[in-house]
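Okay, structure first, notes after.
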Amino acid sequence: MPVHLQIVEDEVDVARAASQHVCAQVRERSDAVLGLATGSTPEATYAELVQLYRERALSFARVRSVNLDEYCGLDGAHEQSYRHYMQTHLFDRVDIRPWNTLIPDGLAADREAECRAYEERICALGGVDLWLLGIGSNGHIAFNEPGSSRDSRTRCVQLTAETIADNSRLFAASTEVPRRAFTVGVGTILEARRVLLLATGAHKARAVAAALQGDPGTHCPASFLREHAHCTFVIDRPAASMLES
Ligand code: PGA
């Protein structure tokens with residue numbers, strides 16, 4: 001089945017549409033396993049979800065969550081860690097139970113064991129119902145950089161210069177961006193029952209076009225999503241600007 005493409009006006013509409021997808025999933029199954037992403041793109045979606053929670057239209061009391069990735073070497077309390085991001089943007093603002101939130105431990109001494117345990121935990125949860133994703137300007141999903149195979153699993157990877165440059169805006173200097181990160185694999189993501197990729201802005205247009213209309217392959221890990229039976233891209237007009245009709 002081809003990727004379902006939902007093109008909306010702007011980033012406000014992307015957040016609104018994405019939060020509706022998440023809401024529908026949690027209403028269908030109150031103990032849904034949500035796969036979550038960090039980065040600039042989903043921030044507005046989390047704000048919408050917090051608002052729905054405050055309006056009592058949504059509860060996370062039984063929801064379980066799994067995150068895509070985490071920087072190696074950062075403590076969960078570090079301001080740029082993805083644990084900190086999730087606490088600030090969502091977890092501390094809704095009724096999700098802390099023990100139901102899973103994020104790789106950036107400080108794990110045995111990185112291979114951490115990756116194995118992460119996959120086992122996802123399995124023990126029964127797999128992910130809906131995985132929310134962003135897309136990197138180089139076509140990465142999570143930290144599956146170009147070159148990542150379709151069957152890749154949770155592992156510790158080297159970040160590309162492009163990703164370090166993209167992410168350095170959040171650090172005092174680009175030298176402070178960790179060089180390695182834990183990431184679930186493309187294969188891990190493809191096993192989710194549904195996938196929802198969000199993209200906003202013209203700087204994502206090339207990656208979106210490559211993912212949806214370019215030759216599929218490891219040069220653009222997001223292109224593997226075309227194999228998924230239930231994948232939706234929710235993107236705004238600038239991010240859709242390089243798609244051929
Ligand atoms: P962004 O990152 O949402 O900060 O643009 C997306 C990604 O790199 O996956």
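Please note that chains go A, B, ... in the order of the structure tokens, that every chain numbers its residues from 1, and that ligands are numbered from 1 in the order shown.
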Practice problem: Dump the neighbourhood of ligand 1 as a ChimeraX atom specification: all residues within 9 Å, distances computed on only C-alpha atoms and all ligand atoms. | Solution: /A:37-43,133-143,163,166-167,198-201,203-204
Self-check item: Residue contacts of Ile7 of chain A (12 Å, only C-alpha atoms) excluding same-chain residues fewer than 5 positions away, as an MDAnalysis selection string
Solution: chainID A and resid 13:14 17:18 197:200 208 232:241 243
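For the set A:Arg27, A:Arg56, A:His230, A:Arg169, the residue with the smallest atom-to-atom gap to Gln80 of chain A is A:Arg169, counting only C-alpha atoms.
Here the alpha helix (DSSP H) residues in segment 100-144 of chain A, by DSSP on the backbone, are Arg111, Glu112, Ala113, Glu114, Cys115, Arg116, Ala117, Tyr118, Glu119, Glu120, Arg121, Ile122, Cys123 and Ala124 of chain A.
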Quiz item: If you count only C-alpha atoms, which residues fall within 10 Å of Gln87 of chain A, apart from same-chain ones fewer than 6 positions away, as number ranges by chain?
Solution: A: 76-77, 93-94, 98, 101
Go ahead and write the selection's residues with C-alpha atoms as an mmCIF file, in the first residue's frame.
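Below is the file that was written, part-v9.cif:
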```cif
data_model
loop_
_atom_site.group_PDB
_atom_site.id
_atom_site.type_symbol
_atom_site.label_atom_id
_atom_site.label_comp_id
_atom_site.auth_asym_id
_atom_site.auth_seq_id
_atom_site.Cartn_x
_atom_site.Cartn_y
_atom_site.Cartn_z
ATOM 1 C CA GLY A 76 18.863 12.175 31.308
ATOM 2 C CA ALA A 77 19.004 15.426 33.277
ATOM 3 C CA ARG A 93 2.707 17.813 31.609
ATOM 4 C CA VAL A 94 0.360 14.848 31.223
ATOM 5 C CA PRO A 98 7.061 7.505 34.586
ATOM 6 C CA THR A 101 8.249 5.681 29.421
#
```
Quiz item: Using only C-alpha atoms, which residues sit within 12 Å of Gln51 of chain A once same-chain residues fewer than 6 positions away are excluded, as a ChimeraX atom specification?
Solution: /A:15-16,19-20,23,44-45,57-59,89-90,93-94
So that each row is one residue of segment 121-173 of chain A with an atom at most 10 Å from segment 107-117 of chain A, can you give its shortest atom pair and the distance in Å to one decimal, using only C-alpha atoms, rows by chain and rising number, as CSV?
```
residue,atom,partner,partner_atom,distance
A:Arg121,CA,A:Ala117,CA,6.1
A:Ile122,CA,A:Ala117,CA,8.7
A:Cys123,CA,A:Ala117,CA,9.7
A:Arg153,CA,A:Cys115,CA,8.4
A:Thr154,CA,A:Cys115,CA,5.3
A:Arg155,CA,A:Cys115,CA,5.4
A:Cys156,CA,A:Arg111,CA,7.0
```
Okay, now the selection with C-alpha atoms, as an mmCIF file, in the first residue's frame?
```cif
data_model
loop_
_atom_site.group_PDB
_atom_site.id
_atom_site.type_symbol
_atom_site.label_atom_id
_atom_site.label_comp_id
_atom_site.auth_asym_id
_atom_site.auth_seq_id
_atom_site.Cartn_x
_atom_site.Cartn_y
_atom_site.Cartn_z
ATOM 1 C CA ARG A 121 11.599 -4.311 26.054
ATOM 2 C CA ILE A 122 9.795 -3.237 22.875
ATOM 3 C CA CYS A 123 9.018 -6.893 22.204
ATOM 4 C CA ARG A 153 18.075 -2.801 14.711
ATOM 5 C CA THR A 154 18.734 -0.775 17.849
ATOM 6 C CA ARG A 155 22.407 0.119 17.977
ATOM 7 C CA CYS A 156 24.906 2.821 18.803
#
```
Show which residues sit within 12 Å of Gln25 of chain A, as a PDB file with N, CA, C and O atoms, in the first residue's frame. Count only C-alpha atoms, and ignore same-chain residues fewer than 2 positions away.
```
ATOM      1  N   ALA A  18      -1.529  15.681  13.442  1.00  0.00           N
ATOM      2  CA  ALA A  18      -0.758  14.621  14.106  1.00  0.00           C
ATOM      3  C   ALA A  18      -1.372  14.276  15.464  1.00  0.00           C
ATOM      4  O   ALA A  18      -1.486  13.101  15.822  1.00  0.00           O
ATOM      5  N   SER A  19      -1.771  15.307  16.201  1.00  0.00           N
ATOM      6  CA  SER A  19      -2.344  15.029  17.525  1.00  0.00           C
ATOM      7  C   SER A  19      -3.666  14.269  17.381  1.00  0.00           C
ATOM      8  O   SER A  19      -4.001  13.438  18.230  1.00  0.00           O
ATOM      9  N   GLN A  20      -4.376  14.519  16.300  1.00  0.00           N
ATOM     10  CA  GLN A  20      -5.628  13.763  16.082  1.00  0.00           C
ATOM     11  C   GLN A  20      -5.328  12.292  15.813  1.00  0.00           C
ATOM     12  O   GLN A  20      -6.047  11.411  16.283  1.00  0.00           O
ATOM     13  N   HIS A  21      -4.268  12.017  15.074  1.00  0.00           N
ATOM     14  CA  HIS A  21      -3.886  10.618  14.835  1.00  0.00           C
ATOM     15  C   HIS A  21      -3.525   9.925  16.161  1.00  0.00           C
ATOM     16  O   HIS A  21      -3.935   8.796  16.402  1.00  0.00           O
ATOM     17  N   VAL A  22      -2.760  10.635  16.992  1.00  0.00           N
ATOM     18  CA  VAL A  22      -2.346  10.043  18.271  1.00  0.00           C
ATOM     19  C   VAL A  22      -3.568   9.812  19.151  1.00  0.00           C
ATOM     20  O   VAL A  22      -3.750   8.760  19.762  1.00  0.00           O
ATOM     21  N   CYS A  23      -4.434  10.812  19.177  1.00  0.00           N
ATOM     22  CA  CYS A  23      -5.660  10.736  19.971  1.00  0.00           C
ATOM     23  C   CYS A  23      -6.511   9.534  19.549  1.00  0.00           C
ATOM     24  O   CYS A  23      -7.000   8.777  20.386  1.00  0.00           O
ATOM     25  N   ARG A  27      -7.576   6.430  21.855  1.00  0.00           N
ATOM     26  CA  ARG A  27      -8.992   6.143  22.088  1.00  0.00           C
ATOM     27  C   ARG A  27      -9.326   4.721  21.672  1.00  0.00           C
ATOM     28  O   ARG A  27     -10.177   4.072  22.278  1.00  0.00           O
ATOM     29  N   GLU A  28      -8.640   4.259  20.632  1.00  0.00           N
ATOM     30  CA  GLU A  28      -8.872   2.890  20.167  1.00  0.00           C
ATOM     31  C   GLU A  28      -8.345   1.891  21.206  1.00  0.00           C
ATOM     32  O   GLU A  28      -8.921   0.846  21.433  1.00  0.00           O
ATOM     33  N   ARG A  29      -7.230   2.260  21.837  1.00  0.00           N
ATOM     34  CA  ARG A  29      -6.596   1.359  22.791  1.00  0.00           C
ATOM     35  C   ARG A  29      -5.955   2.211  23.882  1.00  0.00           C
ATOM     36  O   ARG A  29      -4.921   2.831  23.661  1.00  0.00           O
ATOM     37  N   SER A  30      -6.554   2.244  25.066  1.00  0.00           N
ATOM     38  CA  SER A  30      -6.073   3.177  26.096  1.00  0.00           C
ATOM     39  C   SER A  30      -4.666   2.834  26.575  1.00  0.00           C
ATOM     40  O   SER A  30      -3.965   3.686  27.108  1.00  0.00           O
ATOM     41  N   ASP A  31      -4.249   1.544  26.411  1.00  0.00           N
ATOM     42  CA  ASP A  31      -2.877   1.196  26.803  1.00  0.00           C
ATOM     43  C   ASP A  31      -1.973   1.065  25.571  1.00  0.00           C
ATOM     44  O   ASP A  31      -1.059   0.242  25.533  1.00  0.00           O
ATOM     45  N   ALA A  32      -2.261   1.900  24.576  1.00  0.00           N
ATOM     46  CA  ALA A  32      -1.476   1.880  23.330  1.00  0.00           C
ATOM     47  C   ALA A  32       0.012   2.064  23.632  1.00  0.00           C
ATOM     48  O   ALA A  32       0.393   2.728  24.600  1.00  0.00           O
ATOM     49  N   VAL A  33       0.836   1.474  22.766  1.00  0.00           N
ATOM     50  CA  VAL A  33       2.280   1.694  22.840  1.00  0.00           C
ATOM     51  C   VAL A  33       2.611   2.737  21.773  1.00  0.00           C
ATOM     52  O   VAL A  33       2.481   2.481  20.574  1.00  0.00           O
ATOM     53  N   LEU A  34       2.988   3.929  22.236  1.00  0.00           N
ATOM     54  CA  LEU A  34       3.303   5.019  21.303  1.00  0.00           C
ATOM     55  C   LEU A  34       4.810   5.106  21.126  1.00  0.00           C
ATOM     56  O   LEU A  34       5.556   5.139  22.108  1.00  0.00           O
ATOM     57  N   GLY A  35       5.240   5.165  19.883  1.00  0.00           N
ATOM     58  CA  GLY A  35       6.637   5.421  19.585  1.00  0.00           C
ATOM     59  C   GLY A  35       6.775   6.930  19.435  1.00  0.00           C
ATOM     60  O   GLY A  35       5.996   7.552  18.707  1.00  0.00           O
ATOM     61  N   LEU A  58      -8.205  13.556  26.521  1.00  0.00           N
ATOM     62  CA  LEU A  58      -7.213  12.506  26.290  1.00  0.00           C
ATOM     63  C   LEU A  58      -6.503  12.204  27.610  1.00  0.00           C
ATOM     64  O   LEU A  58      -6.178  13.112  28.369  1.00  0.00           O
ATOM     65  N   SER A  59      -6.290  10.902  27.861  1.00  0.00           N
ATOM     66  CA  SER A  59      -5.520  10.514  29.046  1.00  0.00           C
ATOM     67  C   SER A  59      -4.405   9.565  28.638  1.00  0.00           C
ATOM     68  O   SER A  59      -4.585   8.691  27.788  1.00  0.00           O
ATOM     69  N   PHE A  60      -3.252   9.767  29.269  1.00  0.00           N
ATOM     70  CA  PHE A  60      -2.091   8.907  29.014  1.00  0.00           C
ATOM     71  C   PHE A  60      -1.871   7.924  30.164  1.00  0.00           C
ATOM     72  O   PHE A  60      -0.829   7.304  30.263  1.00  0.00           O
ATOM     73  N   VAL A  63      -1.125   4.632  28.825  1.00  0.00           N
ATOM     74  CA  VAL A  63      -0.255   4.611  27.625  1.00  0.00           C
ATOM     75  C   VAL A  63       1.161   4.190  28.000  1.00  0.00           C
ATOM     76  O   VAL A  63       1.659   4.543  29.064  1.00  0.00           O
ATOM     77  N   VAL A 128       5.101  -1.724  18.873  1.00  0.00           N
ATOM     78  CA  VAL A 128       4.632  -0.328  18.890  1.00  0.00           C
ATOM     79  C   VAL A 128       3.372  -0.194  18.021  1.00  0.00           C
ATOM     80  O   VAL A 128       3.318  -0.706  16.910  1.00  0.00           O
ATOM     81  N   ASP A 129       2.357   0.465  18.556  1.00  0.00           N
ATOM     82  CA  ASP A 129       1.113   0.659  17.788  1.00  0.00           C
ATOM     83  C   ASP A 129       1.249   1.775  16.768  1.00  0.00           C
ATOM     84  O   ASP A 129       0.832   1.635  15.621  1.00  0.00           O
ATOM     85  N   LEU A 130       1.793   2.897  17.213  1.00  0.00           N
ATOM     86  CA  LEU A 130       1.904   4.055  16.317  1.00  0.00           C
ATOM     87  C   LEU A 130       3.249   4.714  16.578  1.00  0.00           C
ATOM     88  O   LEU A 130       3.525   5.117  17.710  1.00  0.00           O
ATOM     89  N   TRP A 131       4.070   4.801  15.515  1.00  0.00           N
ATOM     90  CA  TRP A 131       5.368   5.434  15.724  1.00  0.00           C
ATOM     91  C   TRP A 131       5.382   6.788  15.022  1.00  0.00           C
ATOM     92  O   TRP A 131       5.157   6.877  13.816  1.00  0.00           O
ATOM     93  N   LEU A 132       5.610   7.820  15.824  1.00  0.00           N
ATOM     94  CA  LEU A 132       5.705   9.200  15.344  1.00  0.00           C
ATOM     95  C   LEU A 132       7.158   9.437  14.940  1.00  0.00           C
ATOM     96  O   LEU A 132       8.061   9.136  15.710  1.00  0.00           O
ATOM     97  N   ARG A 193       2.901  -1.059  14.087  1.00  0.00           N
ATOM     98  CA  ARG A 193       1.663  -1.314  13.334  1.00  0.00           C
ATOM     99  C   ARG A 193       1.279  -0.130  12.442  1.00  0.00           C
ATOM    100  O   ARG A 193       0.714  -0.301  11.382  1.00  0.00           O
ATOM    101  N   ARG A 194       1.589   1.068  12.911  1.00  0.00           N
ATOM    102  CA  ARG A 194       1.363   2.258  12.074  1.00  0.00           C
ATOM    103  C   ARG A 194       2.537   3.209  12.246  1.00  0.00           C
ATOM    104  O   ARG A 194       3.128   3.256  13.325  1.00  0.00           O
ATOM    105  N   VAL A 195       2.796   3.969  11.207  1.00  0.00           N
ATOM    106  CA  VAL A 195       3.880   4.956  11.259  1.00  0.00           C
ATOM    107  C   VAL A 195       3.326   6.301  10.787  1.00  0.00           C
ATOM    108  O   VAL A 195       2.563   6.366   9.815  1.00  0.00           O
ATOM    109  N   LEU A 196       3.702   7.351  11.499  1.00  0.00           N
ATOM    110  CA  LEU A 196       3.248   8.703  11.166  1.00  0.00           C
ATOM    111  C   LEU A 196       4.473   9.597  11.085  1.00  0.00           C
ATOM    112  O   LEU A 196       5.124   9.864  12.097  1.00  0.00           O
TER     113      LEU A 196
END
```
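Taking atom CA of Arg62 of chain A as the reference point, atom CA of Ile96 of chain A is found at 7.1 Å.
Residue nearest Arg206 of chain A within the list A:Val177, A:Met242, A:Cys72, A:Ala61: A:Met242 [criterion: smallest interatomic distance, only C-alpha atoms].
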